[in-house]
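Step one of this worksheet: look at the structure below.
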Amino acid sequence: MSVLQALDIGLAALVLALAVWTIFAREVFAAVVGYVAYGLLLSIVWVRLFAVDVALTEAAIGSGVTGVLLIGAAARLREAREAEAAEHPSEPQRFWAMVLCALVTLALAAVVLLLPDPAPTLAPQASQHLAETGLGNPVTAVLIAYRAFDTMLEKVVLVLAIVGVWSLAPDRFWGGAPGEPRAVHPEPTLAFLAQILAPLGILVGIHIFWAGADGPGGAFQGGAILAAMWMIVMMAKLGEAPPVRALWLRLALVAGPAVFLAAGVAGIGVASGFFAYPAGFAKPLILFIEAFMTLTIAVTLPMLVAGPPRRAPRR
Amino acid sequence: MNAATLAGLTGAAIVGLGLYGLITHPQPLRKILAFNLIGSGVFLLFGIIARRGAASGFAADPVPQAMVITGIVVAFAASALAIALVLRLFDETGRVTLRPEAWMKPPGNGADSE
């Protein structure tokens with residue numbers, strides 16, 4: 001067994017152990033912390049699968065931003081009464097649930113072991129037209145060129161999620177700001193961390209967005225890092241979330257899908273069809289769309305974490 | 001066994017674990033956590049399909065990778081909405097149970113958090 005194989009097996013064992021911990025831990029908070037660690041280790045598994053773009057997304061969104069969301073929720077629900085005994089499933093119910101889940105796992109494992117050989121792949125097609133997009137990263141080409149419509153609709157999902165979260169605001173807070181207000185005397189350790197980390201993180205986020213055209217990275221990963229930096233500033237209470245009725249906020253939330261859709265519709269006139277890009281002009285157009293998508297992601301993720309408005313708007 | 005198959009089997013086990021948590025945990029937040037676990041297991045299965053589809057000089061098929069990236073973002077958006085619903089329920093009533101009988105008491109008796 002080579003060193004790399006031993007590392008793979010150790011990594012898989014750690015990931016599985018953390019998944020078991022996430023499900024069976026007694027305390028909600030412990031389970032959430034386990035899940036964050038699980039997400040970080042999972043991103044190393046993605047590197048081992050040679051999917052660095054996915055690894056970056058998993059680390060930034062799957063583990064990082066989701067982790068902040070879950071930890072915040074677990075902290076607020078701490079005073080909630082523990083589930084009543086009547087709600088816990090009985091012993092036979094748990095047994096049969098375990099049998100069902102074992103069967104699902106066995107079926108999936110069989111599928112994994114019996115996958116067809118040679119494996120079906122779209123890599124040749126993706127490679128064939130990569131030159132026309134002017135991009136070097138095939139994953140970005142799939143996201144913004146080949147399957148552009150999917151990615152645009154996925155941005156619309158983010159807008160719908162924001163509408164859903166905001167509509168949970170009590171009437172008296174509508175139009176106000178979510179989250180905690182800015183502190184007069186922020187906690188010094190957190191403030192120091194935010195002051196050191198945020199400027200560097202913003203540079204890294206913009207770099208990852210820009211580098212995504214040719215290497216691992218892109219709008220999702222860069223936007224998520226920018227979002228994390230804004231969240232750190234808000235957590236340190238050096239800044240606060242804007243009121244949800246702010247016009248600039250609403251424009252930033254829809255900028256990504258709006259620009260994307262406009263570029264897609266423009267394709268009917270200046271190129272061969274809906275979501276087609278004009279030949280020779282694809283790369284600048286793709287980067288233009290991606291810039292607005294990065295902005296939308298960087299604003300949407302922290303606002304989703306901040307939740308519905310919790311303070312009455314200032315008159 | 002190569003790294004891709006190992007990751008696929010890990011994904012299969014994670015889906016089973018997550019499903020078990022989703023069925024047996026009474027608290028909504030634990031259910032959301034379990035649901036996220038199922039999701040990441042499914043993404044890992046996409047990962048092995050991408051890795052096996054390595055061709056034309058790419059180490060992995062880019063199409064499943066792009067689908068996983070959109071999937072991670074949509075999963076986050078769904079979790080954020082679910083958590084906002086749970087927190088609103090808690091703010092209104094002081095409890096977060098999903099047991100239907102708990103909500104069938106006469107009004108005024110609903111906010112019996114203490």
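FYI, nothing fancy with the structure tokens labels: chains A, B, ... in order, residues from 1 per chain, ligands from 1 as they appear.
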
List the neighbours of B:Ile72 out to 9 Å using only C-alpha atoms; skip same-chain residues closer than 6 positions along the sequence, and give me the result as JSON, numbers by chain.
{"A": [54, 57, 58, 61, 62], "B": [39, 40, 43]}

Any idea what's packed within 8 Å of B:Thr24, counting only C-alpha atoms, ignoring anything in its chain fewer than 5 positions away? Could you give it as a PyMOL selection string?
chain A and resi 88-89+94+97

With C-alpha atoms kept, could you save the residues just selected as a PDB file, in the first residue's frame?
ATOM      1  CA  HIS A  88     -38.250  10.134  20.247  1.00  0.00           C
ATOM      2  CA  PRO A  89     -38.934   7.141  18.022  1.00  0.00           C
ATOM      3  CA  ARG A  94     -35.202   3.011  15.197  1.00  0.00           C
ATOM      4  CA  ALA A  97     -35.000   2.903  10.202  1.00  0.00           C
TER       5      ALA A  97
END

Contacts of stretch 217-232 of chain A at 8 Å (only C-alpha atoms; same-chain gap of 5+ positions) as a count of residues only
35

Applying 7 Å and only C-alpha atoms, which residues near B:Ile48 remain after dropping the ones on its own chain fewer than 3 positions away? List them as a VMD selection string.
chain B and resid 4 to 5 7 to 8 44 to 45 51 to 52

Computed gap from atom CA of B:Ala82 to atom CA of B:His25 is 15.8 Å

Members of stretch 15-127 of chain A assigned helix (DSSP H, G or I) by DSSP, as a VMD selection string
chain A and resid 15 to 24 28 to 48 52 to 79 85 to 87 91 to 113 123 to 127

What does the structure give for the distance between atom CA of A:Glu187 and atom CA of A:Glu240, in Å to one decimal?
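Atom CA of A:Glu187 sits 14.4 Å away from atom CA of A:Glu240.
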
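Closest approach to chain B among A:Ser43, A:Thr121, A:Ser2, A:Ser63 is made by A:Thr121 (distances from only C-alpha atoms).
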